[in-house]
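Student: Here it is, the structure, as structure tokens.
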Amino acid sequence: MNNNNMLQEWPETIVRVQSLSDSGLTSIPDRYVKPPNERPSVDGNDNDESTTSQYGASSNDANIPVVDLSGVDSEDGSVRAETLRRVSEACREWGFFQVVNHGVSHELMDRALGVWREFFHLPIETKQLYANSPRTYEGYGSRLGVQKGAILDWSDYYFLHYLPSNLKDYNKWPHLPTNCRKVIEEYGREVVKLGGRLLKVFSVNLGLEEGFLQNAFGGEEIGACLRVNYYPKCPQPELALGLSSHSDPGGMTLLLPDDQVTGLQVRKDASWITVKPAPHAFIVNIGDQIQVLSNAIYKSVEHRVVVNSGKERLSMAFFYNPKSDIPLEPAKELVTPDQPALYTPMTFDEYRLFIRLRGPRGKSQVESLKSPR
Ligand SMILES: O=C(O)CCC(=O)C(=O)O
């Protein structure tokens, strides 16, 4: 079967994780039990200090950097320089950081989380109207990847396109709660603005012209989509993952995490660091396409989500992506005799087929793209 045929239908009947959780089961079905080396509490390295916060006391207070983005527009040159330096360090050393004073209204952020919480608590028949297929992934989904027999993640989600305008289809956005479409529209507009500001900062920090990354992404014709992740309570969180380890295939992700419940973990060397979100911060992370354009000066970093038995969790991942049919390759300015181009050109359409077929797989895809040397 070729790849496009594989993407027509799911290989198995879809089971909503929320229905499993609501059924009150006390042990999770085998399909959700991760192999021992992927389980959150027995990772084979130190990671348990960071995950124990889910299951017991934690002594690990490491966190990803927090940057006050208002410094970028400061009239005080030294404040601006220090802000750029902190973003640069975060991009090089973590691939992840949080931004506060980012310009997006806090009230809008709360409203967006609120409408999606309402959506996931609608009756199943209403949500089923939007059941998705692997052809575009748009709509209400419960798995990533189409491999028959795969071990699944403990989450449901809603995926939709925000840009380009010709892919934006309101009929594929939930009609309930009644203000949902309006809130997504407004939220998307604000987050796209923030993404554009950040791309400028990254370009300057890489020693490129301010508009370089935006132009490489297709200028006004960028792609943007939203995945709202819903992680129901899990009776055996030590055996499962809400989302398996992966790096994001696109350009950059602006994540609005749950304001009550932690769960996101970021890989730092051999450890998993649990992100402690600052109030009303966005969590920003570098995706594979910026790793390629920056010739790996910036790296997309693996992350995953752990679940817990006491509380459900919801997050909104807004993916700011390049136009999907432009071949991307390392910026010529960042290719030197010492650091030759690490990647051969590839469009984002070609690239994301991998994750759509195989689901989240650590960093295996971007690693496999390295040009032969
Ligand atoms: O739920 C989270 O905190 C992270 C979600 C995520 O990594 C993703 O949607 O790609």
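Residue numbers start at 1 in each chain; chains themselves are named A, B, ... in the order of the structure tokens; ligands are numbered from 1 in the order shown.
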Do you know which residues are at most 9 Å from segment 246-262 of chain A counting only C-alpha atoms, after dropping those on the same chain fewer than 5 positions away, and could you put them as JSON, numbers by chain?
Tutor: {"A": [54, 109, 110, 113, 191, 194, 195, 199, 217, 274, 275, 276, 277, 278, 279, 280, 281, 282, 283, 284, 285, 286, 287, 288, 289, 290, 291, 300, 301, 302, 303, 304, 305, 306, 307, 311, 312, 313, 314, 315, 316, 317, 318, 319, 320, 321, 322, 348, 351, 352, 355, 359, 360, 361, 362, 363, 364, 365, 366]}
Student: For the selection just defined, write its residues with C-alpha atoms to a file, as a CSV table (one decimal), in the first residue's frame.
Tutor:
chain,number,residue,atom,x,y,z
A,54,GLN,CA,3.6,13.7,39.5
A,109,MET,CA,-5.8,33.2,26.6
A,110,ASP,CA,-8.2,32.3,29.5
A,113,LEU,CA,-8.6,27.5,27.3
A,191,VAL,CA,-0.6,34.3,18.3
A,194,LEU,CA,3.6,37.0,18.3
A,195,GLY,CA,5.2,34.3,16.1
A,199,LEU,CA,11.0,35.0,14.0
A,217,PHE,CA,8.8,30.6,5.7
A,274,THR,CA,9.1,19.1,34.0
A,275,VAL,CA,8.1,22.6,32.8
A,276,LYS,CA,6.6,24.8,35.5
A,277,PRO,CA,4.6,27.3,33.5
A,278,ALA,CA,4.8,31.0,34.6
A,279,PRO,CA,1.3,32.6,34.8
A,280,HIS,CA,0.0,33.5,31.4
A,281,ALA,CA,3.2,32.6,29.7
A,282,PHE,CA,3.5,31.0,26.3
A,283,ILE,CA,6.0,28.1,26.0
A,284,VAL,CA,7.9,28.6,22.8
A,285,ASN,CA,9.9,25.8,21.1
A,286,ILE,CA,12.1,25.5,18.1
A,287,GLY,CA,10.7,23.1,15.5
A,288,ASP,CA,12.6,20.9,13.0
A,289,GLN,CA,12.3,23.4,10.1
A,290,ILE,CA,14.2,26.1,12.1
A,291,GLN,CA,16.8,23.5,13.0
A,300,SER,CA,14.3,21.3,18.0
A,301,VAL,CA,14.3,19.5,21.3
A,302,GLU,CA,12.4,16.3,22.3
A,303,HIS,CA,9.5,16.7,24.7
A,304,ARG,CA,6.7,14.5,26.0
A,305,VAL,CA,3.7,14.7,28.2
A,306,VAL,CA,3.1,12.7,31.4
A,307,VAL,CA,-0.4,12.2,32.7
A,311,LYS,CA,-6.7,15.7,37.2
A,312,GLU,CA,-7.4,16.1,33.5
A,313,ARG,CA,-5.1,18.5,31.6
A,314,LEU,CA,-5.6,20.6,28.4
A,315,SER,CA,-3.0,22.4,26.3
A,316,MET,CA,-3.2,24.4,23.1
A,317,ALA,CA,-0.2,24.0,20.7
A,318,PHE,CA,-0.2,26.6,18.0
A,319,PHE,CA,2.2,25.5,15.2
A,320,TYR,CA,3.8,28.4,13.2
A,321,ASN,CA,5.0,26.7,10.0
A,322,PRO,CA,6.6,27.5,6.7
A,348,PHE,CA,7.4,20.8,4.8
A,351,TYR,CA,8.6,16.3,5.7
A,352,ARG,CA,5.4,16.0,7.8
A,355,ILE,CA,4.9,12.0,11.5
A,359,GLY,CA,3.3,9.1,14.9
A,360,PRO,CA,5.7,10.8,17.4
A,361,ARG,CA,9.2,9.2,17.3
A,362,GLY,CA,11.7,11.2,19.2
A,363,LYS,CA,14.1,13.0,16.9
A,364,SER,CA,14.5,10.2,14.4
A,365,GLN,CA,13.1,12.1,11.5
A,366,VAL,CA,15.3,15.2,11.5
Student: Just the strand (DSSP E or B) stuff from segment 64-283 of chain A, please, per backbone DSSP, written as a PDB file with C-alpha atoms, in the first residue's frame.
Tutor:
ATOM      1  CA  VAL A  66      11.564  32.570  31.253  1.00  0.00           C
ATOM      2  CA  VAL A  67      12.034  35.678  29.094  1.00  0.00           C
ATOM      3  CA  ASP A  68      10.245  39.010  29.488  1.00  0.00           C
ATOM      4  CA  PHE A  96      12.560  25.864  24.648  1.00  0.00           C
ATOM      5  CA  PHE A  97      11.673  28.928  26.683  1.00  0.00           C
ATOM      6  CA  GLN A  98       8.666  30.710  28.149  1.00  0.00           C
ATOM      7  CA  VAL A  99       7.699  34.254  27.248  1.00  0.00           C
ATOM      8  CA  VAL A 100       5.844  36.684  29.484  1.00  0.00           C
ATOM      9  CA  ALA A 131     -14.182  12.823  13.941  1.00  0.00           C
ATOM     10  CA  GLY A 139     -11.045  17.519  13.548  1.00  0.00           C
ATOM     11  CA  TYR A 140     -11.459  15.422  16.669  1.00  0.00           C
ATOM     12  CA  GLY A 141      -8.814  12.713  16.972  1.00  0.00           C
ATOM     13  CA  ASP A 156      -7.567  12.976  22.557  1.00  0.00           C
ATOM     14  CA  TYR A 157      -7.094  16.149  20.531  1.00  0.00           C
ATOM     15  CA  TYR A 158      -8.631  18.600  18.110  1.00  0.00           C
ATOM     16  CA  PHE A 159      -6.610  19.722  15.111  1.00  0.00           C
ATOM     17  CA  LEU A 160      -7.451  22.563  12.733  1.00  0.00           C
ATOM     18  CA  HIS A 161      -5.833  24.775  10.104  1.00  0.00           C
ATOM     19  CA  TYR A 162      -5.642  28.497  10.748  1.00  0.00           C
ATOM     20  CA  LEU A 163      -3.459  29.555   7.791  1.00  0.00           C
ATOM     21  CA  GLY A 223       1.038  27.905   7.517  1.00  0.00           C
ATOM     22  CA  ALA A 224      -0.452  27.830  11.007  1.00  0.00           C
ATOM     23  CA  CYS A 225      -2.479  25.181  12.758  1.00  0.00           C
ATOM     24  CA  LEU A 226      -3.756  24.481  16.205  1.00  0.00           C
ATOM     25  CA  ARG A 227      -3.769  21.229  18.101  1.00  0.00           C
ATOM     26  CA  VAL A 228      -5.683  21.252  21.341  1.00  0.00           C
ATOM     27  CA  ASN A 229      -4.570  18.332  23.468  1.00  0.00           C
ATOM     28  CA  TYR A 230      -6.888  16.820  26.032  1.00  0.00           C
ATOM     29  CA  TYR A 231      -5.348  14.436  28.559  1.00  0.00           C
ATOM     30  CA  LEU A 243       2.103  12.303  24.314  1.00  0.00           C
ATOM     31  CA  SER A 244       5.173  10.292  23.372  1.00  0.00           C
ATOM     32  CA  SER A 245       8.536  11.908  23.004  1.00  0.00           C
ATOM     33  CA  HIS A 246       8.844  13.894  19.782  1.00  0.00           C
ATOM     34  CA  MET A 252       8.064  26.962  15.883  1.00  0.00           C
ATOM     35  CA  THR A 253       5.397  26.095  18.432  1.00  0.00           C
ATOM     36  CA  LEU A 254       3.657  28.506  20.787  1.00  0.00           C
ATOM     37  CA  LEU A 255       2.098  26.413  23.484  1.00  0.00           C
ATOM     38  CA  LEU A 256      -0.499  27.593  25.948  1.00  0.00           C
ATOM     39  CA  LEU A 264       5.037  18.785  29.743  1.00  0.00           C
ATOM     40  CA  GLN A 265       8.595  17.464  30.051  1.00  0.00           C
ATOM     41  CA  VAL A 266      11.544  18.658  27.998  1.00  0.00           C
ATOM     42  CA  ARG A 267      14.677  16.658  27.385  1.00  0.00           C
ATOM     43  CA  LYS A 268      17.828  18.250  28.736  1.00  0.00           C
ATOM     44  CA  SER A 271      17.102  14.187  31.934  1.00  0.00           C
ATOM     45  CA  TRP A 272      13.480  15.052  31.552  1.00  0.00           C
ATOM     46  CA  ILE A 273      12.678  18.457  33.038  1.00  0.00           C
ATOM     47  CA  THR A 274       9.066  19.107  34.006  1.00  0.00           C
ATOM     48  CA  PHE A 282       3.523  30.977  26.271  1.00  0.00           C
ATOM     49  CA  ILE A 283       5.971  28.131  25.986  1.00  0.00           C
TER      50      ILE A 283
END
Student: Using only C-alpha atoms, find the one residue out of A:Leu152, A:Leu241, A:Ala81, A:Glu138 that sits nearest to Val204 of chain A.
Tutor: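 With only C-alpha atoms as the atom set, the closest residue is A:Ala81.
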Student: Quick one: pick out all helix (DSSP H, G or I) residues within segment 220-307 of chain A from a backbone DSSP run and write them as number ranges by chain.
Tutor: A: 220-221, 288-293
Student: Since we have the selection now, will you write its residues out, keeping N, CA and C atoms, as a PDB file, in the first residue's frame?
Tutor:
ATOM      1  N   GLU A 220       4.101  36.237   3.816  1.00  0.00           N
ATOM      2  CA  GLU A 220       2.723  36.279   4.326  1.00  0.00           C
ATOM      3  C   GLU A 220       2.051  34.902   4.233  1.00  0.00           C
ATOM      4  N   GLU A 221       2.670  34.018   3.471  1.00  0.00           N
ATOM      5  CA  GLU A 221       1.958  32.760   3.174  1.00  0.00           C
ATOM      6  C   GLU A 221       2.340  31.613   4.102  1.00  0.00           C
ATOM      7  N   ASP A 288      11.621  21.461  13.881  1.00  0.00           N
ATOM      8  CA  ASP A 288      12.631  20.876  12.992  1.00  0.00           C
ATOM      9  C   ASP A 288      13.006  21.814  11.835  1.00  0.00           C
ATOM     10  N   GLN A 289      12.039  22.609  11.329  1.00  0.00           N
ATOM     11  CA  GLN A 289      12.349  23.441  10.147  1.00  0.00           C
ATOM     12  C   GLN A 289      13.311  24.582  10.508  1.00  0.00           C
ATOM     13  N   ILE A 290      13.248  25.061  11.752  1.00  0.00           N
ATOM     14  CA  ILE A 290      14.234  26.093  12.148  1.00  0.00           C
ATOM     15  C   ILE A 290      15.577  25.419  12.420  1.00  0.00           C
ATOM     16  N   GLN A 291      15.546  24.196  12.894  1.00  0.00           N
ATOM     17  CA  GLN A 291      16.823  23.465  13.020  1.00  0.00           C
ATOM     18  C   GLN A 291      17.493  23.386  11.641  1.00  0.00           C
ATOM     19  N   VAL A 292      16.707  23.055  10.611  1.00  0.00           N
ATOM     20  CA  VAL A 292      17.262  22.933   9.254  1.00  0.00           C
ATOM     21  C   VAL A 292      17.762  24.304   8.762  1.00  0.00           C
ATOM     22  N   LEU A 293      16.899  25.334   8.850  1.00  0.00           N
ATOM     23  CA  LEU A 293      17.282  26.664   8.323  1.00  0.00           C
ATOM     24  C   LEU A 293      18.501  27.230   9.048  1.00  0.00           C
TER      25      LEU A 293
END
Student: What does the structure give for the distance between atom CA of Trp173 of chain A and atom CA of Ala112 of chain A, in Å to one decimal?
Tutor: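 Separation between atom CA of Trp173 of chain A and atom CA of Ala112 of chain A: 13.6 Å.
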Student: Please identify all polymer residues within 12 Å of Pro177 of chain A, counting only C-alpha atoms, omitting same-chain residues fewer than 6 positions from it, and present them as a count of residues only.
Tutor: 16
Student: Atom CA of Glu367 of chain A and atom CA of Pro340 of chain A, how far apart in Å?
Tutor: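 Answer for the atom CA of Pro340 of chain A to atom CA of Glu367 of chain A separation: 15.6 Å.
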Student: Residues at most 9 Å from segment 82-90 of chain A, counting only C-alpha atoms, excluding those fewer than 2 positions away in the same chain, as number ranges by chain?
Tutor: A: 64-72, 77-80, 92-97, 201-202, 204-206, 298
Student: How would the residues just picked look written out with C-alpha atoms as a CSV table (one decimal), in the first residue's frame?
Tutor:
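And here is the file that came out, selection12.csv:
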chain,number,residue,atom,x,y,z
A,64,ILE,CA,13.2,26.2,31.1
A,65,PRO,CA,14.2,29.9,30.9
A,66,VAL,CA,11.6,32.6,31.3
A,67,VAL,CA,12.0,35.7,29.1
A,68,ASP,CA,10.2,39.0,29.5
A,69,LEU,CA,9.6,39.8,25.8
A,70,SER,CA,8.8,43.5,26.5
A,71,GLY,CA,12.5,44.0,26.6
A,72,VAL,CA,12.7,43.5,22.8
A,77,GLY,CA,19.6,49.5,24.3
A,78,SER,CA,21.1,47.4,27.1
A,79,VAL,CA,17.7,46.0,28.1
A,80,ARG,CA,17.0,45.0,24.5
A,92,ARG,CA,20.9,27.3,21.6
A,93,GLU,CA,20.9,25.5,25.0
A,94,TRP,CA,17.3,24.5,25.5
A,95,GLY,CA,15.3,24.8,22.2
A,96,PHE,CA,12.6,25.9,24.6
A,97,PHE,CA,11.7,28.9,26.7
A,201,VAL,CA,14.4,38.0,17.1
A,202,PHE,CA,15.7,34.6,16.0
A,204,VAL,CA,18.7,38.9,14.3
A,205,ASN,CA,20.2,36.5,16.9
A,206,LEU,CA,21.5,34.2,14.1
A,298,TYR,CA,19.2,26.0,17.0
